[in-house]
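> Contents of entry.cif (mmCIF, C-alpha atoms):
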```cif
data_run
loop_
_atom_site.group_PDB
_atom_site.id
_atom_site.type_symbol
_atom_site.label_atom_id
_atom_site.label_comp_id
_atom_site.auth_asym_id
_atom_site.auth_seq_id
_atom_site.Cartn_x
_atom_site.Cartn_y
_atom_site.Cartn_z
ATOM 1 C CA MET A 1 -1.096 -28.103 -25.975
ATOM 2 C CA SER A 2 1.264 -25.780 -24.144
ATOM 3 C CA ASP A 3 4.971 -25.240 -24.746
ATOM 4 C CA VAL A 4 5.731 -24.894 -21.045
ATOM 5 C CA ALA A 5 3.933 -26.484 -18.067
ATOM 6 C CA ILE A 6 4.723 -24.988 -14.671
ATOM 7 C CA LEU A 7 3.857 -26.416 -11.264
ATOM 8 C CA GLY A 8 4.058 -23.884 -8.467
ATOM 9 C CA ILE A 9 2.214 -21.424 -6.309
ATOM 10 C CA PHE A 10 0.571 -18.029 -6.501
ATOM 11 C CA VAL A 11 0.753 -15.603 -3.600
ATOM 12 C CA ALA A 12 -0.337 -12.023 -3.227
ATOM 13 C CA ASP A 13 2.874 -10.010 -2.853
ATOM 14 C CA LEU A 14 2.751 -7.432 -0.060
ATOM 15 C CA ALA A 15 5.917 -5.408 -0.573
ATOM 16 C CA PHE A 16 7.268 -2.871 1.903
ATOM 17 C CA GLU A 17 10.165 -0.503 1.242
ATOM 18 C CA ALA A 18 12.329 0.758 4.095
ATOM 19 C CA PRO A 19 16.015 1.415 4.844
ATOM 20 C CA ARG A 20 16.184 -1.708 7.005
ATOM 21 C CA LEU A 21 14.135 -4.402 8.665
ATOM 22 C CA PRO A 22 12.866 -3.689 12.202
ATOM 23 C CA VAL A 23 14.329 -5.657 15.072
ATOM 24 C CA MET A 24 12.004 -7.725 17.237
ATOM 25 C CA GLY A 25 9.599 -5.511 19.148
ATOM 26 C CA GLU A 26 10.360 -2.435 17.037
ATOM 27 C CA THR A 27 8.113 -0.498 14.640
ATOM 28 C CA ILE A 28 9.646 1.613 11.869
ATOM 29 C CA LEU A 29 8.099 3.770 9.167
ATOM 30 C CA GLY A 30 8.154 2.490 5.616
ATOM 31 C CA GLU A 31 8.909 4.447 2.468
ATOM 32 C CA GLY A 32 6.640 2.597 0.072
ATOM 33 C CA PHE A 33 4.074 -0.201 -0.254
ATOM 34 C CA ARG A 34 2.507 -2.143 -3.097
ATOM 35 C CA MET A 35 0.408 -5.263 -3.540
ATOM 36 C CA GLY A 36 0.385 -7.442 -6.629
ATOM 37 C CA PRO A 37 0.563 -10.955 -8.058
ATOM 38 C CA GLY A 38 3.515 -13.123 -6.998
ATOM 39 C CA GLY A 39 4.721 -16.610 -6.123
ATOM 40 C CA LYS A 40 7.675 -18.186 -7.899
ATOM 41 C CA GLY A 41 5.670 -20.543 -10.092
ATOM 42 C CA SER A 42 3.159 -17.866 -11.054
ATOM 43 C CA ASN A 43 5.898 -15.324 -11.757
ATOM 44 C CA GLN A 44 7.709 -17.824 -13.950
ATOM 45 C CA ALA A 45 4.497 -18.576 -15.822
ATOM 46 C CA VAL A 46 3.898 -14.876 -16.483
ATOM 47 C CA ALA A 47 7.522 -14.393 -17.565
ATOM 48 C CA ALA A 48 7.275 -17.286 -20.024
ATOM 49 C CA ALA A 49 3.914 -16.148 -21.372
ATOM 50 C CA ARG A 50 5.141 -12.583 -21.926
ATOM 51 C CA ALA A 51 8.175 -14.031 -23.688
ATOM 52 C CA ARG A 52 5.629 -15.609 -26.048
ATOM 53 C CA ALA A 53 5.470 -19.199 -24.786
ATOM 54 C CA LYS A 54 2.172 -21.045 -24.528
ATOM 55 C CA VAL A 55 1.972 -21.752 -20.804
ATOM 56 C CA ALA A 56 -0.136 -24.018 -18.612
ATOM 57 C CA PHE A 57 -0.014 -23.382 -14.863
ATOM 58 C CA LEU A 58 -0.756 -26.062 -12.263
ATOM 59 C CA THR A 59 -1.667 -24.935 -8.740
ATOM 60 C CA ARG A 60 -4.303 -24.500 -6.017
ATOM 61 C CA LEU A 61 -6.009 -21.201 -5.183
ATOM 62 C CA GLY A 62 -8.301 -20.206 -2.368
ATOM 63 C CA ALA A 63 -11.830 -19.061 -3.190
ATOM 64 C CA ASP A 64 -11.087 -15.483 -2.131
ATOM 65 C CA SER A 65 -10.099 -12.032 -3.379
ATOM 66 C CA PHE A 66 -6.399 -12.905 -3.646
ATOM 67 C CA GLY A 67 -7.392 -15.831 -5.875
ATOM 68 C CA GLU A 68 -9.289 -13.424 -8.109
ATOM 69 C CA ILE A 69 -6.139 -11.316 -8.438
ATOM 70 C CA ALA A 70 -4.327 -14.433 -9.639
ATOM 71 C CA LEU A 71 -6.942 -15.317 -12.235
ATOM 72 C CA LYS A 72 -6.934 -11.764 -13.570
ATOM 73 C CA ALA A 73 -3.142 -11.708 -13.883
ATOM 74 C CA TRP A 74 -3.106 -15.053 -15.700
ATOM 75 C CA ALA A 75 -5.914 -14.036 -18.050
ATOM 76 C CA GLU A 76 -4.023 -10.879 -18.991
ATOM 77 C CA ALA A 77 -0.891 -12.929 -19.702
ATOM 78 C CA GLY A 78 -2.790 -15.572 -21.700
ATOM 79 C CA ILE A 79 -1.950 -18.470 -19.373
ATOM 80 C CA ASP A 80 -3.948 -21.729 -19.522
ATOM 81 C CA THR A 81 -5.668 -22.171 -16.141
ATOM 82 C CA ASP A 82 -7.544 -25.400 -16.887
ATOM 83 C CA TYR A 83 -5.469 -27.165 -14.208
ATOM 84 C CA VAL A 84 -5.890 -24.584 -11.449
ATOM 85 C CA ILE A 85 -7.845 -26.054 -8.506
ATOM 86 C CA ARG A 86 -10.043 -23.716 -6.410
ATOM 87 C CA ASP A 87 -9.871 -24.707 -2.745
ATOM 88 C CA SER A 88 -12.800 -23.560 -0.595
ATOM 89 C CA GLU A 89 -11.146 -24.637 2.674
ATOM 90 C CA ARG A 90 -7.804 -22.793 2.469
ATOM 91 C CA PRO A 91 -6.880 -19.194 1.647
ATOM 92 C CA THR A 92 -4.735 -18.114 -1.269
ATOM 93 C CA GLY A 93 -1.160 -17.585 -0.153
ATOM 94 C CA ALA A 94 0.625 -14.319 0.554
ATOM 95 C CA ALA A 95 4.207 -13.073 0.743
ATOM 96 C CA PHE A 96 5.824 -10.374 2.864
ATOM 97 C CA ILE A 97 8.556 -8.724 0.799
ATOM 98 C CA PHE A 98 11.044 -6.306 2.312
ATOM 99 C CA VAL A 99 12.871 -4.156 -0.270
ATOM 100 C CA SER A 100 15.836 -2.149 0.965
ATOM 101 C CA THR A 101 15.731 1.489 -0.123
ATOM 102 C CA GLU A 102 19.516 1.499 0.292
ATOM 103 C CA THR A 103 20.519 -1.463 -1.915
ATOM 104 C CA ARG A 104 17.241 -2.501 -3.657
ATOM 105 C CA ASP A 105 17.899 -6.066 -2.441
ATOM 106 C CA ASN A 106 15.059 -7.997 -0.861
ATOM 107 C CA ALA A 107 14.095 -10.451 1.871
ATOM 108 C CA ILE A 108 10.912 -12.507 1.647
ATOM 109 C CA ILE A 109 8.593 -14.579 3.854
ATOM 110 C CA VAL A 110 6.126 -16.794 1.951
ATOM 111 C CA GLU A 111 2.979 -18.540 3.193
ATOM 112 C CA SER A 112 1.811 -20.890 0.436
ATOM 113 C CA GLY A 113 -1.820 -21.061 1.544
ATOM 114 C CA ALA A 114 -3.977 -23.349 -0.574
ATOM 115 C CA ALA A 115 -1.036 -24.235 -2.819
ATOM 116 C CA GLY A 116 0.671 -25.707 0.224
ATOM 117 C CA ALA A 117 -1.798 -28.580 -0.123
ATOM 118 C CA LEU A 118 -0.729 -29.479 -3.671
ATOM 119 C CA SER A 119 -0.296 -33.232 -3.802
ATOM 120 C CA PRO A 120 0.982 -35.964 -6.122
ATOM 121 C CA ALA A 121 -2.679 -36.772 -6.843
ATOM 122 C CA ASP A 122 -3.203 -33.189 -8.058
ATOM 123 C CA VAL A 123 -0.198 -33.581 -10.332
ATOM 124 C CA ASP A 124 -1.520 -36.871 -11.706
ATOM 125 C CA ALA A 125 -4.831 -35.163 -12.463
ATOM 126 C CA ALA A 126 -2.894 -32.616 -14.554
ATOM 127 C CA ARG A 127 -0.549 -35.073 -16.238
ATOM 128 C CA ALA A 128 -1.983 -34.313 -19.691
ATOM 129 C CA ALA A 129 -0.662 -30.760 -19.401
ATOM 130 C CA ILE A 130 2.797 -31.976 -18.386
ATOM 131 C CA GLU A 131 3.018 -34.757 -20.954
ATOM 132 C CA GLY A 132 1.885 -32.439 -23.746
ATOM 133 C CA ALA A 133 4.485 -29.753 -22.986
ATOM 134 C CA LYS A 134 8.025 -29.387 -24.284
ATOM 135 C CA VAL A 135 9.393 -28.139 -20.960
ATOM 136 C CA PHE A 136 8.239 -28.716 -17.374
ATOM 137 C CA VAL A 137 9.278 -26.338 -14.582
ATOM 138 C CA THR A 138 8.854 -26.584 -10.828
ATOM 139 C CA GLN A 139 10.258 -25.148 -7.588
ATOM 140 C CA LEU A 140 9.938 -25.816 -3.846
ATOM 141 C CA GLU A 141 7.299 -23.377 -2.601
ATOM 142 C CA GLN A 142 4.756 -26.207 -2.913
ATOM 143 C CA PRO A 143 5.291 -29.580 -1.188
ATOM 144 C CA LEU A 144 8.339 -31.564 -2.246
ATOM 145 C CA ASP A 145 6.321 -34.701 -3.057
ATOM 146 C CA ALA A 146 4.233 -32.776 -5.597
ATOM 147 C CA ALA A 147 7.372 -31.407 -7.269
ATOM 148 C CA LEU A 148 8.858 -34.903 -7.322
ATOM 149 C CA ARG A 149 5.761 -36.352 -8.949
ATOM 150 C CA GLY A 150 5.739 -33.618 -11.569
ATOM 151 C CA LEU A 151 9.358 -34.333 -12.471
ATOM 152 C CA GLU A 152 8.630 -38.077 -12.638
ATOM 153 C CA VAL A 153 5.679 -37.547 -15.005
ATOM 154 C CA ALA A 154 7.674 -35.220 -17.221
ATOM 155 C CA ARG A 155 10.735 -37.462 -17.333
ATOM 156 C CA ALA A 156 8.615 -40.521 -18.255
ATOM 157 C CA ALA A 157 7.067 -38.532 -21.120
ATOM 158 C CA GLY A 158 10.413 -37.296 -22.452
ATOM 159 C CA VAL A 159 9.658 -33.682 -21.484
ATOM 160 C CA ALA A 160 12.664 -31.485 -20.598
ATOM 161 C CA THR A 161 12.715 -30.749 -16.865
ATOM 162 C CA VAL A 162 13.815 -27.516 -15.191
ATOM 163 C CA PHE A 163 14.059 -27.463 -11.404
ATOM 164 C CA ASN A 164 14.436 -24.163 -9.576
ATOM 165 C CA PRO A 165 15.350 -25.222 -5.994
ATOM 166 C CA ALA A 166 13.830 -22.241 -4.258
ATOM 167 C CA PRO A 167 13.486 -21.931 -1.389
ATOM 168 C CA ALA A 168 16.356 -24.336 -0.765
ATOM 169 C CA ALA A 169 15.503 -27.553 1.062
ATOM 170 C CA ALA A 170 17.000 -30.965 1.701
ATOM 171 C CA LEU A 171 16.431 -33.174 -1.329
ATOM 172 C CA PRO A 172 15.969 -36.947 -1.279
ATOM 173 C CA ASP A 173 18.592 -39.120 -2.924
ATOM 174 C CA GLY A 174 18.066 -39.345 -6.659
ATOM 175 C CA PHE A 175 15.876 -36.242 -6.873
ATOM 176 C CA LEU A 176 18.285 -34.295 -9.083
ATOM 177 C CA SER A 177 18.574 -37.240 -11.478
ATOM 178 C CA LEU A 178 15.079 -36.273 -12.659
ATOM 179 C CA CYS A 179 16.281 -32.765 -13.544
ATOM 180 C CA ASP A 180 17.723 -31.929 -16.939
ATOM 181 C CA TYR A 181 18.512 -28.455 -15.626
ATOM 182 C CA VAL A 182 18.787 -27.211 -12.045
ATOM 183 C CA THR A 183 18.835 -23.422 -11.569
ATOM 184 C CA PRO A 184 19.842 -22.323 -8.047
ATOM 185 C CA ASN A 185 21.151 -18.924 -7.051
ATOM 186 C CA GLU A 186 24.320 -18.685 -4.958
ATOM 187 C CA SER A 187 22.722 -19.287 -1.550
ATOM 188 C CA GLU A 188 20.573 -22.146 -2.849
ATOM 189 C CA ALA A 189 23.598 -23.799 -4.463
ATOM 190 C CA GLU A 190 25.445 -23.520 -1.139
ATOM 191 C CA ALA A 191 22.527 -25.020 0.783
ATOM 192 C CA ILE A 192 22.175 -27.988 -1.564
ATOM 193 C CA THR A 193 25.841 -28.812 -2.100
ATOM 194 C CA GLY A 194 27.351 -27.698 1.199
ATOM 195 C CA LEU A 195 29.970 -25.782 -0.777
ATOM 196 C CA LYS A 196 30.562 -22.055 -0.411
ATOM 197 C CA VAL A 197 29.703 -20.026 -3.520
ATOM 198 C CA GLY A 198 31.490 -16.705 -3.136
ATOM 199 C CA SER A 199 33.625 -16.691 -6.261
ATOM 200 C CA LEU A 200 33.429 -17.942 -9.815
ATOM 201 C CA GLU A 201 35.730 -20.851 -9.042
ATOM 202 C CA GLU A 202 33.571 -21.819 -6.085
ATOM 203 C CA ALA A 203 30.488 -21.612 -8.300
ATOM 204 C CA ARG A 204 32.157 -23.982 -10.769
ATOM 205 C CA ALA A 205 32.839 -26.445 -7.952
ATOM 206 C CA ALA A 206 29.233 -26.245 -6.758
ATOM 207 C CA ALA A 207 27.966 -26.752 -10.308
ATOM 208 C CA ALA A 208 30.148 -29.841 -10.638
ATOM 209 C CA ARG A 209 28.773 -31.127 -7.343
ATOM 210 C CA LEU A 210 25.186 -30.642 -8.567
ATOM 211 C CA ARG A 211 26.094 -32.749 -11.596
ATOM 212 C CA GLU A 212 27.541 -35.423 -9.308
ATOM 213 C CA MET A 213 24.222 -35.401 -7.441
ATOM 214 C CA GLY A 214 22.431 -36.276 -10.682
ATOM 215 C CA ALA A 215 21.521 -33.045 -12.482
ATOM 216 C CA GLY A 216 21.964 -33.073 -16.232
ATOM 217 C CA ALA A 217 23.221 -29.470 -16.210
ATOM 218 C CA ALA A 218 23.657 -26.879 -13.474
ATOM 219 C CA ILE A 219 22.959 -23.190 -14.022
ATOM 220 C CA ILE A 220 23.932 -21.065 -11.028
ATOM 221 C CA THR A 221 22.589 -17.533 -11.222
ATOM 222 C CA LEU A 222 25.103 -15.003 -9.905
ATOM 223 C CA GLY A 223 23.208 -11.710 -9.897
ATOM 224 C CA GLU A 224 25.070 -8.902 -11.617
ATOM 225 C CA LYS A 225 27.796 -11.340 -12.727
ATOM 226 C CA GLY A 226 25.384 -13.347 -14.887
ATOM 227 C CA ALA A 227 24.850 -17.110 -14.809
ATOM 228 C CA LEU A 228 27.311 -20.003 -14.792
ATOM 229 C CA TYR A 229 26.360 -22.937 -17.049
ATOM 230 C CA HIS A 230 27.979 -26.357 -16.546
ATOM 231 C CA ASP A 231 26.928 -29.632 -18.164
ATOM 232 C CA GLY A 232 30.018 -31.783 -17.644
ATOM 233 C CA THR A 233 31.411 -30.848 -21.052
ATOM 234 C CA ALA A 234 30.851 -27.124 -21.437
ATOM 235 C CA THR A 235 31.376 -24.606 -18.639
ATOM 236 C CA GLU A 236 30.625 -20.983 -19.436
ATOM 237 C CA LEU A 237 29.778 -17.781 -17.613
ATOM 238 C CA VAL A 238 27.020 -15.973 -19.487
ATOM 239 C CA PRO A 239 27.243 -12.261 -18.582
ATOM 240 C CA ALA A 240 24.333 -10.334 -17.145
ATOM 241 C CA PHE A 241 22.656 -7.634 -19.233
ATOM 242 C CA ASN A 242 22.568 -4.023 -18.090
ATOM 243 C CA ALA A 243 19.134 -2.900 -19.245
ATOM 244 C CA GLY A 244 18.962 0.285 -17.185
ATOM 245 C CA THR A 245 18.809 1.536 -13.614
ATOM 246 C CA LEU A 246 18.415 -1.170 -10.973
ATOM 247 C CA ARG A 247 15.092 -0.686 -9.185
ATOM 248 C CA ASP A 248 14.021 -4.019 -7.662
ATOM 249 C CA THR A 249 15.679 -7.456 -7.728
ATOM 250 C CA THR A 250 12.537 -9.225 -6.480
ATOM 251 C CA GLY A 251 11.473 -11.782 -9.090
ATOM 252 C CA ALA A 252 14.704 -11.677 -11.102
ATOM 253 C CA GLY A 253 15.239 -15.403 -10.635
ATOM 254 C CA ASP A 254 11.673 -16.075 -11.755
ATOM 255 C CA ALA A 255 12.207 -13.947 -14.856
ATOM 256 C CA PHE A 256 15.350 -15.965 -15.557
ATOM 257 C CA ASN A 257 13.576 -19.317 -15.227
ATOM 258 C CA GLY A 258 10.577 -18.247 -17.299
ATOM 259 C CA GLY A 259 12.825 -16.924 -20.050
ATOM 260 C CA PHE A 260 15.023 -20.023 -19.955
ATOM 261 C CA ALA A 261 12.050 -22.387 -20.259
ATOM 262 C CA THR A 262 10.652 -20.364 -23.160
ATOM 263 C CA ALA A 263 13.899 -20.488 -25.096
ATOM 264 C CA LEU A 264 14.331 -24.213 -24.475
ATOM 265 C CA ALA A 265 10.775 -24.897 -25.654
ATOM 266 C CA GLU A 266 11.563 -23.035 -28.879
ATOM 267 C CA GLY A 267 14.503 -25.324 -29.533
ATOM 268 C CA GLN A 268 17.297 -22.934 -28.600
ATOM 269 C CA GLY A 269 20.451 -24.586 -27.289
ATOM 270 C CA PRO A 270 21.088 -24.425 -23.538
ATOM 271 C CA LEU A 271 23.678 -21.644 -23.710
ATOM 272 C CA GLN A 272 21.470 -19.602 -26.033
ATOM 273 C CA ALA A 273 18.606 -20.193 -23.623
ATOM 274 C CA VAL A 274 20.721 -18.982 -20.688
ATOM 275 C CA ARG A 275 21.549 -15.797 -22.619
ATOM 276 C CA PHE A 276 17.837 -15.274 -23.358
ATOM 277 C CA ALA A 277 17.120 -15.838 -19.659
ATOM 278 C CA CYS A 278 19.775 -13.314 -18.590
ATOM 279 C CA ALA A 279 18.200 -10.706 -20.863
ATOM 280 C CA THR A 280 14.763 -11.433 -19.413
ATOM 281 C CA ALA A 281 16.077 -11.060 -15.867
ATOM 282 C CA GLY A 282 18.087 -7.962 -16.761
ATOM 283 C CA LEU A 283 14.960 -6.180 -17.901
ATOM 284 C CA SER A 284 12.884 -7.285 -14.916
ATOM 285 C CA VAL A 285 15.158 -5.648 -12.330
ATOM 286 C CA THR A 286 14.690 -2.220 -13.925
ATOM 287 C CA ARG A 287 11.035 -2.280 -12.813
ATOM 288 C CA ILE A 288 9.157 -2.453 -9.540
ATOM 289 C CA GLY A 289 7.374 -5.688 -8.616
ATOM 290 C CA THR A 290 7.457 -9.320 -9.671
ATOM 291 C CA ALA A 291 4.909 -10.492 -12.250
ATOM 292 C CA PRO A 292 4.193 -6.910 -13.408
ATOM 293 C CA ALA A 293 7.931 -6.445 -14.066
ATOM 294 C CA MET A 294 8.235 -9.285 -16.571
ATOM 295 C CA PRO A 295 9.259 -8.002 -20.016
ATOM 296 C CA SER A 296 7.648 -8.610 -23.398
ATOM 297 C CA ARG A 297 9.228 -10.674 -26.155
ATOM 298 C CA GLU A 298 9.874 -7.516 -28.170
ATOM 299 C CA GLU A 299 11.807 -5.973 -25.266
ATOM 300 C CA ILE A 300 13.891 -9.127 -24.775
ATOM 301 C CA GLU A 301 14.771 -9.325 -28.466
ATOM 302 C CA ALA A 302 15.701 -5.643 -28.555
ATOM 303 C CA LEU A 303 18.098 -6.112 -25.628
ATOM 304 C CA LEU A 304 19.611 -9.239 -27.177
ATOM 305 C CA GLY A 305 20.266 -7.207 -30.349
#
```
Could you quickly redo this structure as C-alpha cells?


Amino acid sequence: MSDVAILGIFVADLAFEAPRLPVMGETILGEGFRMGPGGKGSNQAVAAARARAKVAFLTRLGADSFGEIALKAWAEAGIDTDYVIRDSERPTGAAFIFVSTETRDNAIIVESGAAGALSPADVDAARAAIEGAKVFVTQLEQPLDAALRGLEVARAAGVATVFNPAPAAALPDGFLSLCDYVTPNESEAEAITGLKVGSLEEARAAAARLREMGAGAAIITLGEKGALYHDGTATELVPAFNAGTLRDTTGAGDAFNGGFATALAEGQGPLQAVRFACATAGLSVTRIGTAPAMPSREEIEALLG
C-alpha cells in the first residue's frame, strides 16, 4: 500500500520566458523555452515520491506522446501507476506557462485534456488506493465531483485529507468539512473566503474563515513570507527557507503540498509538516521547471538542518 494517494492531472508543461506577456494581436520574442512534465497532481506526486513517500497517483492520460512523457516521469520517481487510466478518445493535457524574466513569477493556462473527464466512478474504481493510504491529496484541475468523491472515500476510511484548492473555484456547502487540511495560496484564499489577503493579519482572518467553512486546519502559503498555519487552537507563521537564488516559482505550491503530505504520512505533527513543506518549496524555486525541480529527501533534510 502507498503512504500518499493523490488524485489530480498530468499536463505537458510548455514554458515560455519573456519580459512580459504580449497584448492581444501582438507577437513578441521569447528568451527561453522548455517542455516537461507538469500538472498540479502529478507535480505533487513527484514531490512526495522524491521526499521518500510511497505514492499512488490517480488520473487519466491520453494514448499519445505526452502520456508517454508522464509515464516516464512517474517511473523515474517510483510512483505507483496502477490506477492511471489510458483514454484513447481524449488527448493528454497541456499547460502554457509564462515566466517573467524580470521577476521570475509566472502565469499559467491549463487544459486538462483526458484528466478533465475524471469522474466519481473512476475514483470509486481506485478506492483501494485511497483507503490503503495514510494521506489523500487532491486539487481542482480535475472535475469538482471527482475531487469530492475522493475526499468522501478518504474521510470514510479515516485517511487524512489534504485539499489544495487550485485553481480556485466555487465550492459547494459542506465541501471543506471533508478536508482535514486546506492549503490555498493568497489569491485562492481570497477567492474562497471573499476576504482580502494582503497582510499577515488578513491571512489570519481568511484562515479563520476557512475553519468556519468546515476545514479542520487552514494553511495559507504566503510565498517568501512562508506559510500561515491555523487550526482553531494554534496559529503560527512558519518562515520560508532561503535555499539559494530564486529562479522559477512555478510548482512551488505543488512542492509544498507534496512535502506536507509526505511529512504527515510519516507521523510528523502538522506544524513540523508545514516546516518540512516550506523546505521542500524553498528548494524547488531555486531550479527551473516543475516536476524536475522537486528536491530529494537528502536535500530537504540538509536544509532543515

> Taking only C-alpha atoms into account, which of A:Ile219, A:Thr92, A:Gly62, A:Pro19 comes nearest Pro165 (chain A)?

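Of A:Ile219, A:Thr92, A:Gly62, A:Pro19, the one nearest Pro165 (chain A), counting only C-alpha atoms, is A:Ile219.
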
> Is there a way to get, as a JSON list (two decimals) with C-alpha atoms, keeping the file's coordinate frame, all residues within 8 Å of the point (3.7, -18.6, -3.9) in file coordinates, counting only C-alpha atoms?


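The resulting file, out31.json, is reproduced below:
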```
[["chain", "number", "residue", "atom", "x", "y", "z"],
["A", 8, "GLY", "CA", 4.06, -23.88, -8.47],
["A", 9, "ILE", "CA", 2.21, -21.42, -6.31],
["A", 10, "PHE", "CA", 0.57, -18.03, -6.50],
["A", 11, "VAL", "CA", 0.75, -15.60, -3.60],
["A", 12, "ALA", "CA", -0.34, -12.02, -3.23],
["A", 38, "GLY", "CA", 3.52, -13.12, -7.00],
["A", 39, "GLY", "CA", 4.72, -16.61, -6.12],
["A", 40, "LYS", "CA", 7.68, -18.19, -7.90],
["A", 41, "GLY", "CA", 5.67, -20.54, -10.09],
["A", 42, "SER", "CA", 3.16, -17.87, -11.05],
["A", 93, "GLY", "CA", -1.16, -17.58, -0.15],
["A", 94, "ALA", "CA", 0.62, -14.32, 0.55],
["A", 95, "ALA", "CA", 4.21, -13.07, 0.74],
["A", 110, "VAL", "CA", 6.13, -16.79, 1.95],
["A", 111, "GLU", "CA", 2.98, -18.54, 3.19],
["A", 112, "SER", "CA", 1.81, -20.89, 0.44],
["A", 115, "ALA", "CA", -1.04, -24.24, -2.82],
["A", 141, "GLU", "CA", 7.30, -23.38, -2.60],
["A", 142, "GLN", "CA", 4.76, -26.21, -2.91]]
```

> I'd like to know which of A:Met24, A:Leu58, A:Ala169, A:Ala49 is closest to Gly78 (chain A), using only C-alpha atoms.

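Nearest candidate to Gly78 (chain A) out of A:Met24, A:Leu58, A:Ala169, A:Ala49: A:Ala49.
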
> Using all atoms listed in the file, collect all residues at a distance of at most 9 Å from (5.6, -31.7, -21.5) as written in the file, then present them as a list in words.

Met1, Ser2, Asp3, Val4, Ala5, Arg127, Ala128, Ala129, Ile130, Glu131, Gly132, Ala133, Lys134, Val135, Phe136, Val153, Ala154, Arg155, Ala157, Gly158, Val159, Ala160 and Thr161 of chain A

> Quick one: distance from CA of Glu224 (chain A) to CA of Asn242 (chain A) in Å, one decimal?

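Between CA of Glu224 (chain A) and CA of Asn242 (chain A) the gap is 8.5 Å.
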
> Given only C-alpha atoms as the basis, pick out the residue of A:Ala18, A:Ala265, A:Leu246, A:Ala189 nearest to Thr101 (chain A).

A:Ala18

> Can you list, as a ChimeraX atom specification, every protein, DNA or RNA residue that comes within 7 Å of Val274 (chain A) when you count all atoms listed in the file, leaving out same-chain residues fewer than 4 positions away?

/A:260,270,278

> As an exercise, work out the distance from CA of Thr235 (chain A) to CA of Ala166 (chain A) in Å and give it to one decimal place.

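Interatomic distance, CA of Thr235 (chain A) to CA of Ala166 (chain A): 22.8 Å.
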
> Between A:Gly269, A:Pro292, A:Gly232, A:Gly198, which residue has the minimum interatomic distance to Gly251 (chain A), considering only C-alpha atoms?

A:Pro292

> Would you kindly return, as a list in words, each protein, DNA or RNA residue with an atom no farther than 9 Å from any atom of Thr262 (chain A), considering all atoms listed in the file and excluding same-chain residues fewer than 2 positions away?

Asp3, Val4, Ala47, Ala48, Ala49, Ala51, Arg52, Ala53, Lys54, Val135, Asn257, Gly258, Gly259, Phe260, Leu264, Ala265, Glu266, Gly267, Gln268, Ala273, Phe276 and Ala277 of chain A

> For Arg297 (chain A), which residue among A:Asp87, A:Glu190, A:Ala279, A:Val137 is the nearest when counting all atoms listed in the file?

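Under the stated criterion, the closest residue is A:Ala279.
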
> To verify the selection step, state as a ChimeraX atom specification which residues the PyMOL selection byres ((chain A and resi 96) around 6) yields on this input.

/A:14,95,97,108-109

> Can you list, as a list in words, the residues that the PyMOL selection byres ((chain A and resi 187) around 12) selects here?

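This file, filtered by the PyMOL selection byres ((chain A and resi 187) around 12), leaves Pro165, Ala166, Pro167, Ala168, Ala169, Thr183, Pro184, Asn185, Glu186, Glu188, Ala189, Glu190, Ala191, Ile192, Thr193, Gly194, Leu195, Lys196, Val197, Gly198, Ala203, Ala206, Ile220, Thr221, Leu222 and Gly223 of chain A.
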
> Select, from A:Leu304, A:Asp180, A:Asp105, A:Glu299, the residue with the minimum atom-to-atom distance to Ala261 (chain A), counting only C-alpha atoms.

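For Ala261 (chain A), the nearest of the candidates is A:Asp180.
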
> Quick check on the file I pasted: which residues fall under the PyMOL selection byres ((chain A and resi 290) around 10)? Write them as an mmCIF file with C-alpha atoms, in the coordinates of the input.


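Okay, out-v3.cif is ready:
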```cif
data_model
loop_
_atom_site.group_PDB
_atom_site.id
_atom_site.type_symbol
_atom_site.label_atom_id
_atom_site.label_comp_id
_atom_site.auth_asym_id
_atom_site.auth_seq_id
_atom_site.Cartn_x
_atom_site.Cartn_y
_atom_site.Cartn_z
ATOM 1 C CA ASP A 13 2.874 -10.010 -2.853
ATOM 2 C CA GLY A 36 0.385 -7.442 -6.629
ATOM 3 C CA PRO A 37 0.563 -10.955 -8.058
ATOM 4 C CA GLY A 38 3.515 -13.123 -6.998
ATOM 5 C CA GLY A 39 4.721 -16.610 -6.123
ATOM 6 C CA LYS A 40 7.675 -18.186 -7.899
ATOM 7 C CA SER A 42 3.159 -17.866 -11.054
ATOM 8 C CA ASN A 43 5.898 -15.324 -11.757
ATOM 9 C CA GLN A 44 7.709 -17.824 -13.950
ATOM 10 C CA VAL A 46 3.898 -14.876 -16.483
ATOM 11 C CA ALA A 47 7.522 -14.393 -17.565
ATOM 12 C CA ASP A 248 14.021 -4.019 -7.662
ATOM 13 C CA THR A 249 15.679 -7.456 -7.728
ATOM 14 C CA THR A 250 12.537 -9.225 -6.480
ATOM 15 C CA GLY A 251 11.473 -11.782 -9.090
ATOM 16 C CA ALA A 252 14.704 -11.677 -11.102
ATOM 17 C CA GLY A 253 15.239 -15.403 -10.635
ATOM 18 C CA ASP A 254 11.673 -16.075 -11.755
ATOM 19 C CA ALA A 255 12.207 -13.947 -14.856
ATOM 20 C CA SER A 284 12.884 -7.285 -14.916
ATOM 21 C CA VAL A 285 15.158 -5.648 -12.330
ATOM 22 C CA ARG A 287 11.035 -2.280 -12.813
ATOM 23 C CA ILE A 288 9.157 -2.453 -9.540
ATOM 24 C CA GLY A 289 7.374 -5.688 -8.616
ATOM 25 C CA ALA A 291 4.909 -10.492 -12.250
ATOM 26 C CA PRO A 292 4.193 -6.910 -13.408
ATOM 27 C CA ALA A 293 7.931 -6.445 -14.066
ATOM 28 C CA MET A 294 8.235 -9.285 -16.571
#
```

> Please measure the separation of CA of Ser100 (chain A) and CA of Glu17 (chain A), giving the value in Å to one decimal.

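Those two atoms sit 5.9 Å apart.
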